[in-house]
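File shown: target-v2.cif (mmCIF, C-alpha atoms).
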```
data_query
#
loop_
_atom_site.label_atom_id
_atom_site.label_comp_id
_atom_site.auth_asym_id
_atom_site.auth_seq_id
_atom_site.Cartn_x
_atom_site.Cartn_y
_atom_site.Cartn_z
CA MET A 1 13.61 -17.38 2.04
CA LYS A 2 13.34 -14.70 4.68
CA TYR A 3 11.19 -11.67 4.15
CA GLY A 4 12.16 -9.73 7.28
CA LEU A 5 8.36 -9.64 7.64
CA PRO A 6 7.18 -12.33 10.05
CA LEU A 7 3.53 -11.61 9.24
CA LEU A 8 3.95 -11.94 5.50
CA GLN A 9 6.02 -15.07 6.06
CA ALA A 10 3.22 -16.50 8.22
CA LEU A 11 0.69 -15.81 5.47
CA VAL A 12 2.93 -17.51 2.91
CA GLU A 13 3.11 -20.56 5.22
CA HIS A 14 -0.68 -20.65 5.51
CA PHE A 15 -1.09 -20.60 1.74
CA ARG A 16 1.57 -23.30 1.39
CA LYS A 17 -0.50 -25.68 3.48
CA LEU A 18 -3.23 -25.63 0.84
CA PRO A 19 -3.14 -28.47 -1.70
CA GLY A 20 -1.10 -27.85 -4.84
CA VAL A 21 0.38 -24.59 -3.56
CA GLY A 22 4.19 -24.40 -3.53
CA GLU A 23 6.54 -21.72 -2.24
CA LYS A 24 6.36 -19.55 -5.35
CA THR A 25 2.58 -19.67 -5.66
CA ALA A 26 2.16 -19.05 -1.93
CA ARG A 27 4.34 -15.95 -2.20
CA ARG A 28 2.33 -14.68 -5.19
CA LEU A 29 -0.92 -15.20 -3.30
CA ALA A 30 0.40 -13.43 -0.19
CA PHE A 31 1.50 -10.42 -2.25
CA ALA A 32 -1.92 -10.40 -3.92
CA VAL A 33 -3.50 -10.11 -0.48
CA LEU A 34 -1.34 -7.05 0.22
CA ASP A 35 -2.69 -5.48 -2.97
CA MET A 36 -6.34 -6.11 -2.04
CA GLU A 37 -8.70 -3.54 -0.56
CA ASP A 38 -8.92 -3.63 3.25
CA GLY A 39 -12.63 -4.49 3.17
CA GLU A 40 -12.02 -7.31 0.73
CA VAL A 41 -9.45 -8.93 3.02
CA ARG A 42 -11.67 -8.51 6.09
CA ASN A 43 -14.44 -10.19 4.13
CA PHE A 44 -12.13 -13.03 3.08
CA ALA A 45 -10.99 -13.61 6.68
CA GLU A 46 -14.57 -13.47 7.96
CA THR A 47 -15.70 -15.98 5.31
CA LEU A 48 -12.92 -18.38 6.32
CA LEU A 49 -14.10 -18.27 9.93
CA GLN A 50 -17.78 -18.60 9.02
CA VAL A 51 -17.18 -21.54 6.71
CA LYS A 52 -15.53 -23.50 9.49
CA GLU A 53 -18.09 -22.44 12.10
CA LYS A 54 -21.32 -22.85 10.22
CA ILE A 55 -20.83 -25.65 7.71
CA GLY A 56 -21.53 -29.10 9.13
CA PHE A 57 -22.81 -32.35 7.70
CA CYS A 58 -26.30 -33.25 6.54
CA ASN A 59 -28.00 -35.54 9.06
CA ARG A 60 -29.39 -37.67 6.31
CA CYS A 61 -26.71 -38.08 3.66
CA GLY A 62 -23.47 -36.71 5.13
CA ASN A 63 -23.09 -33.98 2.52
CA LEU A 64 -21.94 -30.52 3.61
CA ALA A 65 -24.81 -28.47 4.97
CA GLU A 66 -25.40 -25.09 6.57
CA SER A 67 -28.42 -26.54 8.41
CA ASP A 68 -29.52 -30.03 9.57
CA ILE A 69 -30.40 -31.21 6.10
CA CYS A 70 -28.41 -30.37 2.97
CA SER A 71 -29.95 -28.55 0.03
CA ILE A 72 -30.03 -31.72 -2.10
CA CYS A 73 -31.86 -33.83 0.50
CA ALA A 74 -34.25 -30.91 1.04
CA ASP A 75 -34.93 -30.51 -2.69
CA ARG A 76 -38.29 -32.17 -3.41
CA SER A 77 -37.71 -32.11 -7.15
CA ARG A 78 -34.92 -34.73 -6.89
CA THR A 79 -35.73 -38.24 -8.08
CA GLU A 80 -36.86 -40.36 -5.12
CA GLY A 81 -35.51 -43.85 -4.58
CA VAL A 82 -32.10 -43.37 -6.19
CA LEU A 83 -28.89 -42.80 -4.25
CA CYS A 84 -25.35 -42.20 -5.41
CA VAL A 85 -22.67 -43.23 -2.91
CA VAL A 86 -19.53 -41.07 -2.90
CA GLU A 87 -16.37 -40.93 -0.80
CA ARG A 88 -16.35 -37.19 -0.03
CA PRO A 89 -18.68 -34.18 -0.25
CA ALA A 90 -16.43 -32.69 -2.94
CA ASP A 91 -17.34 -35.60 -5.23
CA ILE A 92 -20.99 -34.50 -5.16
CA TYR A 93 -20.13 -31.19 -6.78
CA VAL A 94 -18.28 -32.97 -9.56
CA LEU A 95 -21.28 -35.22 -10.23
CA GLU A 96 -23.70 -32.30 -10.00
CA GLY A 97 -21.56 -30.46 -12.51
CA SER A 98 -22.54 -32.98 -15.20
CA GLY A 99 -26.24 -32.21 -14.73
CA GLN A 100 -26.83 -35.88 -15.55
CA TYR A 101 -27.89 -37.14 -12.15
CA ARG A 102 -31.09 -36.10 -10.39
CA GLY A 103 -31.23 -38.52 -7.45
CA ARG A 104 -29.83 -37.97 -3.96
CA TYR A 105 -26.47 -38.85 -2.40
CA HIS A 106 -24.82 -40.73 0.42
CA VAL A 107 -21.38 -39.62 1.58
CA LEU A 108 -19.14 -42.27 3.17
CA HIS A 109 -16.50 -39.81 4.41
CA GLY A 110 -13.71 -42.11 3.38
CA VAL A 111 -13.13 -45.61 2.04
CA LEU A 112 -12.38 -48.94 3.66
CA SER A 113 -8.66 -49.33 4.04
CA PRO A 114 -7.58 -52.24 6.25
CA LEU A 115 -3.93 -51.22 5.92
CA ASP A 116 -4.70 -47.82 7.44
CA GLY A 117 -6.98 -49.42 10.02
CA ILE A 118 -10.12 -47.89 8.53
CA GLY A 119 -13.08 -50.24 8.90
CA PRO A 120 -16.83 -49.86 8.27
CA GLU A 121 -17.35 -48.43 11.78
CA ASP A 122 -15.16 -45.44 10.82
CA LEU A 123 -17.34 -44.58 7.84
CA ASN A 124 -20.90 -43.39 7.27
CA ILE A 125 -21.76 -46.79 5.84
CA GLU A 126 -24.16 -48.53 8.28
CA SER A 127 -26.73 -45.75 7.85
CA LEU A 128 -26.98 -46.68 4.18
CA ARG A 129 -28.77 -49.89 5.19
CA GLU A 130 -31.31 -47.86 7.19
CA ARG A 131 -31.85 -45.44 4.34
CA VAL A 132 -32.57 -48.28 1.93
CA ALA A 133 -35.36 -49.46 4.23
CA VAL A 134 -36.79 -46.10 5.28
CA GLU A 135 -36.56 -44.24 1.97
CA GLY A 136 -37.60 -47.07 -0.32
CA ILE A 137 -34.40 -46.99 -2.34
CA ARG A 138 -34.58 -48.85 -5.68
CA GLU A 139 -31.14 -48.14 -7.09
CA ILE A 140 -27.74 -47.25 -5.63
CA ILE A 141 -24.95 -46.02 -7.88
CA ILE A 142 -21.65 -46.66 -6.12
CA ALA A 143 -19.36 -43.88 -7.30
CA THR A 144 -16.32 -44.55 -5.12
CA ASN A 145 -12.99 -43.77 -6.78
CA PRO A 146 -11.55 -46.37 -9.17
CA SER A 147 -8.87 -47.42 -6.67
CA VAL A 148 -8.27 -50.64 -4.71
CA GLU A 149 -9.90 -49.06 -1.63
CA GLY A 150 -12.80 -47.69 -3.68
CA ASP A 151 -13.43 -51.11 -5.20
CA THR A 152 -13.15 -52.83 -1.81
CA THR A 153 -15.69 -50.41 -0.36
CA SER A 154 -18.00 -50.96 -3.30
CA LEU A 155 -17.79 -54.74 -2.75
CA TYR A 156 -18.48 -54.32 0.96
CA ILE A 157 -21.63 -52.28 0.24
CA SER A 158 -22.89 -54.79 -2.32
CA ARG A 159 -22.46 -57.61 0.23
CA MET A 160 -24.12 -55.56 2.95
CA LEU A 161 -27.15 -55.03 0.73
CA LYS A 162 -27.26 -58.45 -0.93
CA ASP A 163 -30.54 -59.41 0.81
CA SER A 164 -32.36 -56.24 -0.23
CA ASP A 165 -33.68 -55.89 -3.77
CA VAL A 166 -31.83 -52.67 -4.46
CA LYS A 167 -30.25 -52.53 -7.89
CA LEU A 168 -26.55 -51.72 -7.48
CA THR A 169 -24.63 -50.06 -10.30
CA ARG A 170 -21.46 -48.10 -10.76
CA PRO A 171 -20.38 -45.48 -13.31
CA ALA A 172 -18.81 -46.94 -16.44
CA ARG A 173 -15.03 -47.12 -16.53
CA GLY A 174 -13.42 -46.30 -19.84
CA ILE A 175 -11.58 -43.80 -21.92
CA PRO A 176 -12.16 -40.24 -20.71
CA LEU A 177 -13.63 -37.80 -23.24
CA GLY A 178 -11.18 -35.44 -24.86
CA SER A 179 -8.21 -37.64 -23.99
CA SER A 180 -5.93 -39.33 -26.49
CA LEU A 181 -5.56 -43.13 -26.55
CA GLU A 182 -1.82 -42.61 -26.48
CA PHE A 183 -1.97 -41.23 -22.94
CA VAL A 184 -4.52 -43.60 -21.43
CA ASP A 185 -3.07 -46.18 -19.02
CA ARG A 186 -3.30 -49.94 -19.65
CA GLY A 187 -5.81 -50.58 -16.87
CA THR A 188 -8.25 -48.09 -18.32
CA ILE A 189 -7.79 -49.48 -21.82
CA SER A 190 -8.59 -52.99 -20.51
CA LYS A 191 -11.74 -51.74 -18.76
CA ALA A 192 -12.78 -49.85 -21.86
CA LEU A 193 -12.40 -52.94 -24.06
CA GLU A 194 -14.19 -55.15 -21.54
CA GLY A 195 -17.10 -52.75 -21.41
CA ARG A 196 -17.22 -52.04 -25.15
CA GLU A 197 -20.54 -50.81 -26.49
CA PRO A 198 -22.31 -51.38 -29.82
CA ILE A 199 -22.15 -48.34 -32.11
CA MET B 1 -22.03 -24.17 -10.23
CA LYS B 2 -24.27 -23.89 -7.20
CA TYR B 3 -23.34 -25.53 -3.94
CA GLY B 4 -26.52 -24.87 -2.00
CA LEU B 5 -23.97 -23.50 0.47
CA PRO B 6 -23.70 -19.72 0.22
CA LEU B 7 -20.76 -19.62 2.64
CA LEU B 8 -18.72 -22.18 0.74
CA GLN B 9 -19.60 -20.43 -2.50
CA ALA B 10 -18.41 -17.13 -1.00
CA LEU B 11 -15.11 -18.72 0.00
CA VAL B 12 -14.67 -20.13 -3.51
CA GLU B 13 -15.25 -16.63 -4.91
CA HIS B 14 -12.62 -15.18 -2.57
CA PHE B 15 -10.05 -17.74 -3.68
CA ARG B 16 -10.96 -17.10 -7.33
CA LYS B 17 -9.97 -13.47 -6.96
CA LEU B 18 -6.40 -14.52 -6.25
CA PRO B 19 -4.03 -14.53 -9.24
CA GLY B 20 -3.82 -17.76 -11.21
CA VAL B 21 -6.70 -19.40 -9.33
CA GLY B 22 -9.56 -20.67 -11.51
CA GLU B 23 -12.90 -22.22 -10.57
CA LYS B 24 -11.55 -25.75 -10.09
CA THR B 25 -8.56 -24.70 -8.00
CA ALA B 26 -10.71 -22.34 -5.93
CA ARG B 27 -13.08 -25.20 -5.16
CA ARG B 28 -10.21 -27.48 -4.16
CA LEU B 29 -8.82 -24.80 -1.86
CA ALA B 30 -12.22 -24.15 -0.26
CA PHE B 31 -12.71 -27.86 0.43
CA ALA B 32 -9.21 -28.00 1.90
CA VAL B 33 -10.22 -25.25 4.34
CA LEU B 34 -13.17 -27.40 5.44
CA ASP B 35 -10.73 -30.22 6.18
CA MET B 36 -8.44 -28.02 8.30
CA GLU B 37 -8.42 -27.89 12.08
CA ASP B 38 -10.52 -25.07 13.56
CA GLY B 39 -7.50 -23.42 15.19
CA GLU B 40 -5.58 -23.54 11.94
CA VAL B 41 -8.34 -21.71 10.07
CA ARG B 42 -8.69 -19.11 12.84
CA ASN B 43 -4.98 -18.55 12.63
CA PHE B 44 -5.13 -18.20 8.84
CA ALA B 45 -7.97 -15.65 9.07
CA GLU B 46 -6.17 -13.71 11.80
CA THR B 47 -2.95 -13.63 9.74
CA LEU B 48 -4.86 -12.26 6.73
CA LEU B 49 -6.20 -9.41 8.86
CA GLN B 50 -2.87 -8.69 10.52
CA VAL B 51 -0.98 -8.64 7.24
CA LYS B 52 -3.28 -5.94 5.88
CA GLU B 53 -3.30 -3.98 9.13
CA LYS B 54 0.34 -4.04 10.11
CA ILE B 55 2.35 -4.17 6.92
CA GLY B 56 3.06 -0.78 5.43
CA PHE B 57 5.87 0.72 3.38
CA CYS B 58 9.41 1.59 4.41
CA ASN B 59 9.82 5.36 4.78
CA ARG B 60 13.18 5.22 3.09
CA CYS B 61 12.92 2.78 0.17
CA GLY B 62 9.23 1.92 -0.25
CA ASN B 63 9.72 -1.79 0.47
CA LEU B 64 7.16 -3.60 2.62
CA ALA B 65 7.80 -3.05 6.32
CA GLU B 66 6.23 -3.88 9.64
CA SER B 67 7.78 -0.71 11.13
CA ASP B 68 8.96 2.68 9.76
CA ILE B 69 12.07 1.26 8.16
CA CYS B 70 12.24 -2.11 6.39
CA SER B 71 14.61 -4.85 7.48
CA ILE B 72 16.91 -4.29 4.51
CA CYS B 73 17.32 -0.55 5.10
CA ALA B 74 17.86 -1.28 8.80
CA ASP B 75 20.50 -3.95 8.09
CA ARG B 76 23.90 -2.34 8.66
CA SER B 77 25.74 -5.18 6.96
CA ARG B 78 24.32 -4.20 3.53
CA THR B 79 26.71 -2.51 1.09
CA GLU B 80 26.40 1.27 1.39
CA GLY B 81 26.16 3.47 -1.69
CA VAL B 82 24.48 0.97 -4.00
CA LEU B 83 20.76 0.96 -4.81
CA CYS B 84 18.69 -1.36 -6.94
CA VAL B 85 15.52 0.22 -8.34
CA VAL B 86 12.55 -2.14 -8.70
CA GLU B 87 8.92 -1.75 -9.71
CA ARG B 88 7.30 -3.62 -6.81
CA PRO B 89 8.22 -4.98 -3.37
CA ALA B 90 7.73 -8.53 -4.68
CA ASP B 91 10.68 -7.98 -7.05
CA ILE B 92 12.97 -7.51 -4.04
CA TYR B 93 12.33 -11.04 -2.84
CA VAL B 94 13.18 -12.42 -6.26
CA LEU B 95 16.47 -10.50 -6.28
CA GLU B 96 17.24 -11.43 -2.67
CA GLY B 97 16.63 -15.06 -3.60
CA SER B 98 19.73 -15.03 -5.79
CA GLY B 99 21.93 -14.03 -2.85
CA GLN B 100 23.98 -12.07 -5.39
CA TYR B 101 23.09 -8.53 -4.38
CA ARG B 102 24.05 -6.96 -1.07
CA GLY B 103 23.10 -3.30 -1.57
CA ARG B 104 19.81 -1.64 -0.71
CA TYR B 105 16.66 -1.04 -2.78
CA HIS B 106 14.32 1.63 -4.04
CA VAL B 107 10.75 0.65 -4.90
CA LEU B 108 8.96 2.77 -7.51
CA HIS B 109 5.52 1.23 -6.89
CA GLY B 110 4.78 1.10 -10.59
CA VAL B 111 6.24 2.25 -13.90
CA LEU B 112 5.73 5.27 -16.09
CA SER B 113 2.89 4.61 -18.46
CA PRO B 114 1.65 7.69 -20.33
CA LEU B 115 -1.16 5.69 -21.94
CA ASP B 116 -2.54 4.81 -18.50
CA GLY B 117 -1.95 8.36 -17.29
CA ILE B 118 0.81 7.30 -14.88
CA GLY B 119 3.45 9.99 -14.63
CA PRO B 120 6.48 10.48 -12.34
CA GLU B 121 4.30 12.19 -9.70
CA ASP B 122 2.37 8.92 -9.27
CA LEU B 123 5.52 6.95 -8.47
CA ASN B 124 8.10 6.91 -5.69
CA ILE B 125 10.64 8.35 -8.12
CA GLU B 126 11.45 11.91 -7.00
CA SER B 127 12.75 10.64 -3.64
CA LEU B 128 15.45 8.75 -5.55
CA ARG B 129 17.11 12.07 -6.37
CA GLU B 130 17.16 12.97 -2.66
CA ARG B 131 18.55 9.59 -1.68
CA VAL B 132 21.40 9.96 -4.16
CA ALA B 133 22.41 13.20 -2.48
CA VAL B 134 21.80 12.24 1.17
CA GLU B 135 23.09 8.67 1.12
CA GLY B 136 26.08 9.19 -1.13
CA ILE B 137 24.95 6.70 -3.74
CA ARG B 138 27.67 5.58 -6.20
CA GLU B 139 25.76 3.07 -8.30
CA ILE B 140 22.13 2.48 -9.15
CA ILE B 141 21.05 -0.77 -10.81
CA ILE B 142 17.76 -0.15 -12.58
CA ALA B 143 15.94 -3.48 -12.44
CA THR B 144 12.59 -2.47 -13.92
CA ASN B 145 10.93 -5.18 -16.02
CA PRO B 146 12.10 -5.64 -19.60
CA SER B 147 8.94 -4.05 -21.03
CA VAL B 148 8.30 -0.80 -22.92
CA GLU B 149 7.15 0.84 -19.68
CA GLY B 150 10.09 -0.56 -17.73
CA ASP B 151 12.52 0.77 -20.34
CA THR B 152 10.79 4.17 -20.43
CA THR B 153 11.05 4.42 -16.67
CA SER B 154 14.69 3.43 -16.76
CA LEU B 155 15.34 6.16 -19.35
CA TYR B 156 13.49 8.72 -17.22
CA ILE B 157 15.62 7.90 -14.19
CA SER B 158 18.84 8.09 -16.15
CA ARG B 159 17.85 11.56 -17.44
CA MET B 160 16.78 12.67 -13.97
CA LEU B 161 20.21 11.75 -12.60
CA LYS B 162 22.34 12.79 -15.59
CA ASP B 163 23.98 15.64 -13.65
CA SER B 164 24.98 13.46 -10.70
CA ASP B 165 27.97 11.16 -10.98
CA VAL B 166 26.08 8.03 -10.09
CA LYS B 167 26.94 5.03 -12.23
CA LEU B 168 23.71 3.66 -13.73
CA THR B 169 23.52 0.03 -14.77
CA ARG B 170 20.85 -2.56 -15.46
CA PRO B 171 20.80 -6.36 -15.21
CA ALA B 172 21.98 -8.14 -18.38
CA ARG B 173 19.29 -9.28 -20.80
CA GLY B 174 19.85 -12.61 -22.44
CA ILE B 175 18.99 -16.27 -22.56
CA PRO B 176 17.61 -17.50 -19.23
CA LEU B 177 19.47 -20.37 -17.57
CA GLY B 178 17.94 -23.80 -17.99
CA SER B 179 15.88 -22.74 -21.00
CA SER B 180 16.23 -24.12 -24.48
CA LEU B 181 17.13 -21.86 -27.43
CA GLU B 182 14.15 -23.31 -29.26
CA PHE B 183 11.75 -21.65 -26.84
CA VAL B 184 13.42 -18.28 -26.44
CA ASP B 185 11.67 -15.40 -28.22
CA ARG B 186 13.33 -13.37 -30.98
CA GLY B 187 13.69 -10.21 -28.89
CA THR B 188 15.63 -12.06 -26.21
CA ILE B 189 17.83 -13.76 -28.80
CA SER B 190 18.65 -10.35 -30.31
CA LYS B 191 19.56 -8.92 -26.91
CA ALA B 192 21.65 -11.99 -26.10
CA LEU B 193 23.61 -11.69 -29.36
CA GLU B 194 24.07 -7.93 -28.92
CA GLY B 195 25.41 -8.48 -25.41
CA ARG B 196 27.52 -11.53 -26.24
CA GLU B 197 30.43 -12.21 -23.88
CA PRO B 198 33.91 -13.63 -24.48
CA ILE B 199 34.23 -17.25 -23.29
#
```
Turn the structure described in the file into structure tokens.
Amino acid sequence: MKYGLPLLQALVEHFRKLPGVGEKTARRLAFAVLDMEDGEVRNFAETLLQVKEKIGFCNRCGNLAESDICSICADRSRTEGVLCVVERPADIYVLEGSGQYRGRYHVLHGVLSPLDGIGPEDLNIESLRERVAVEGIREIIIATNPSVEGDTTSLYISRMLKDSDVKLTRPARGIPLGSSLEFVDRGTISKALEGREPI
Amino acid sequence: MKYGLPLLQALVEHFRKLPGVGEKTARRLAFAVLDMEDGEVRNFAETLLQVKEKIGFCNRCGNLAESDICSICADRSRTEGVLCVVERPADIYVLEGSGQYRGRYHVLHGVLSPLDGIGPEDLNIESLRERVAVEGIREIIIATNPSVEGDTTSLYISRMLKDSDVKLTRPARGIPLGSSLEFVDRGTISKALEGREPI
């Protein structure tokens, strides 16, 4: 659709590039920007620029950070000796949301995927070995996604660390809370039955 | 949720202010920005600023415009003498999307709402009278929303123009295409029966 407004059209296109945003949503968002206060939009634009400029990766764990070390690695109240391995920084915020985990993290920035030509050298995986030695890690929870690539990566890490005495675990797979058995796929049901727990 | 990243948090807040964007979506969008190319983000930020700076309203109809007159008013191939009155510029793009209408528009920038203290002087409504005289308007389609305020505004316009010989119409109300009778509300069913058409 043409707007006769190249600028508005350009803004719609920018919104459309965001995940899960289609033509209609992009248009609604662009019109919402037109309705915002000038200062608000300037602030929004400035934040976009700053986020890209100033956010980098933590030197230790690979999480997002506004300085050399991320806030989780810098937090002395976190449990020492426990790491949770995740694929992406975004996963950390999901895990943090549960409030259940108090250790630190290690971000791989991807998963092994031979078909896409992604090997261990393309990931932040070798440094995990160093961390185990230097930081005296006792347990690593491998929280890669429950996909073929995630499982392959998990297996690779467990082989890499087989000579250390780190305890390797992974989050339980099973029926998600609040879901209905009717809508749970067969694979999940199998895993849930395999891992059944005494009541 | 805290990110330990004030900048990222600020970006999430900006996305959350957009319509229909909740916490989870805002977070996904913010992370997507982090994954974008630098140039892409600069472009996005620049477009946001430009949109607010350069897009104003058409002097004639009140539509969005990057110059004094919007592209629809400036388009000489549009049918002369027919206006469609809408509440907001966004409505124009919905109507244009149908490809059905070839006249010009008049944007009220709101609707009459005595409860909210919005009277005719707060809207772009008086200029409609002038346009009728100056542009030789024969028909006005009042396409305000099918709400109490929309209907009130429609009534106000028809009274305002009762001494002119402009033909006033409004889009048919009825059952939307592709919907199922089961899900259509009673008010719409009533209107659809009232306005029933020979097959």
Report as an MDAnalysis selection string the residues that result from applying the PyMOL selection byres ((chain A) within 7 of (chain B)) to the structure here. chainID A and resid 1 4:5 7:8 10:11 14 18:19 29 31:32 34 38 41:42 44:45 47:49 51:52 65:66 71 90 97
Residue IDs satisfying the PyMOL selection byres ((chain B and resi 106) around 7), as an MDAnalysis selection string
chainID B and resid 61:62 83:86 105 107:108
**Q.** Distance query stretch 149-163 of chain B at most 9 Å, all atoms listed in the file, self and fewer than 6 positions along chain excluded, as a VMD selection string
**A.** chain B and resid 87 111 to 114 120 125 to 126 128 to 129 132 142 to 143 170
Reference answer for the PyMOL selection byres ((chain A and resi 186-196) around 9), as an NGL selection string = :A and (172-175 or 181 or 184-185 or 197-198)
re atom CA of B:Ile199 and atom CA of B:Val166: distance 29.7 Å
Find the axis-aligned box for stretch 129-141 of chain B, covering all its listed atoms and adding 6 Å on each side, and write its centre and edge lengths in Å to one decimal as lines of an AutoDock Vina configuration file.
```
center_x = 22.4
center_y = 6.2
center_z = -4.8
size_x = 22.6
size_y = 26.0
size_z = 24.0
```
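The space between atom CA of B:Arg76 and atom CA of B:Arg102 spans 10.8 Å.
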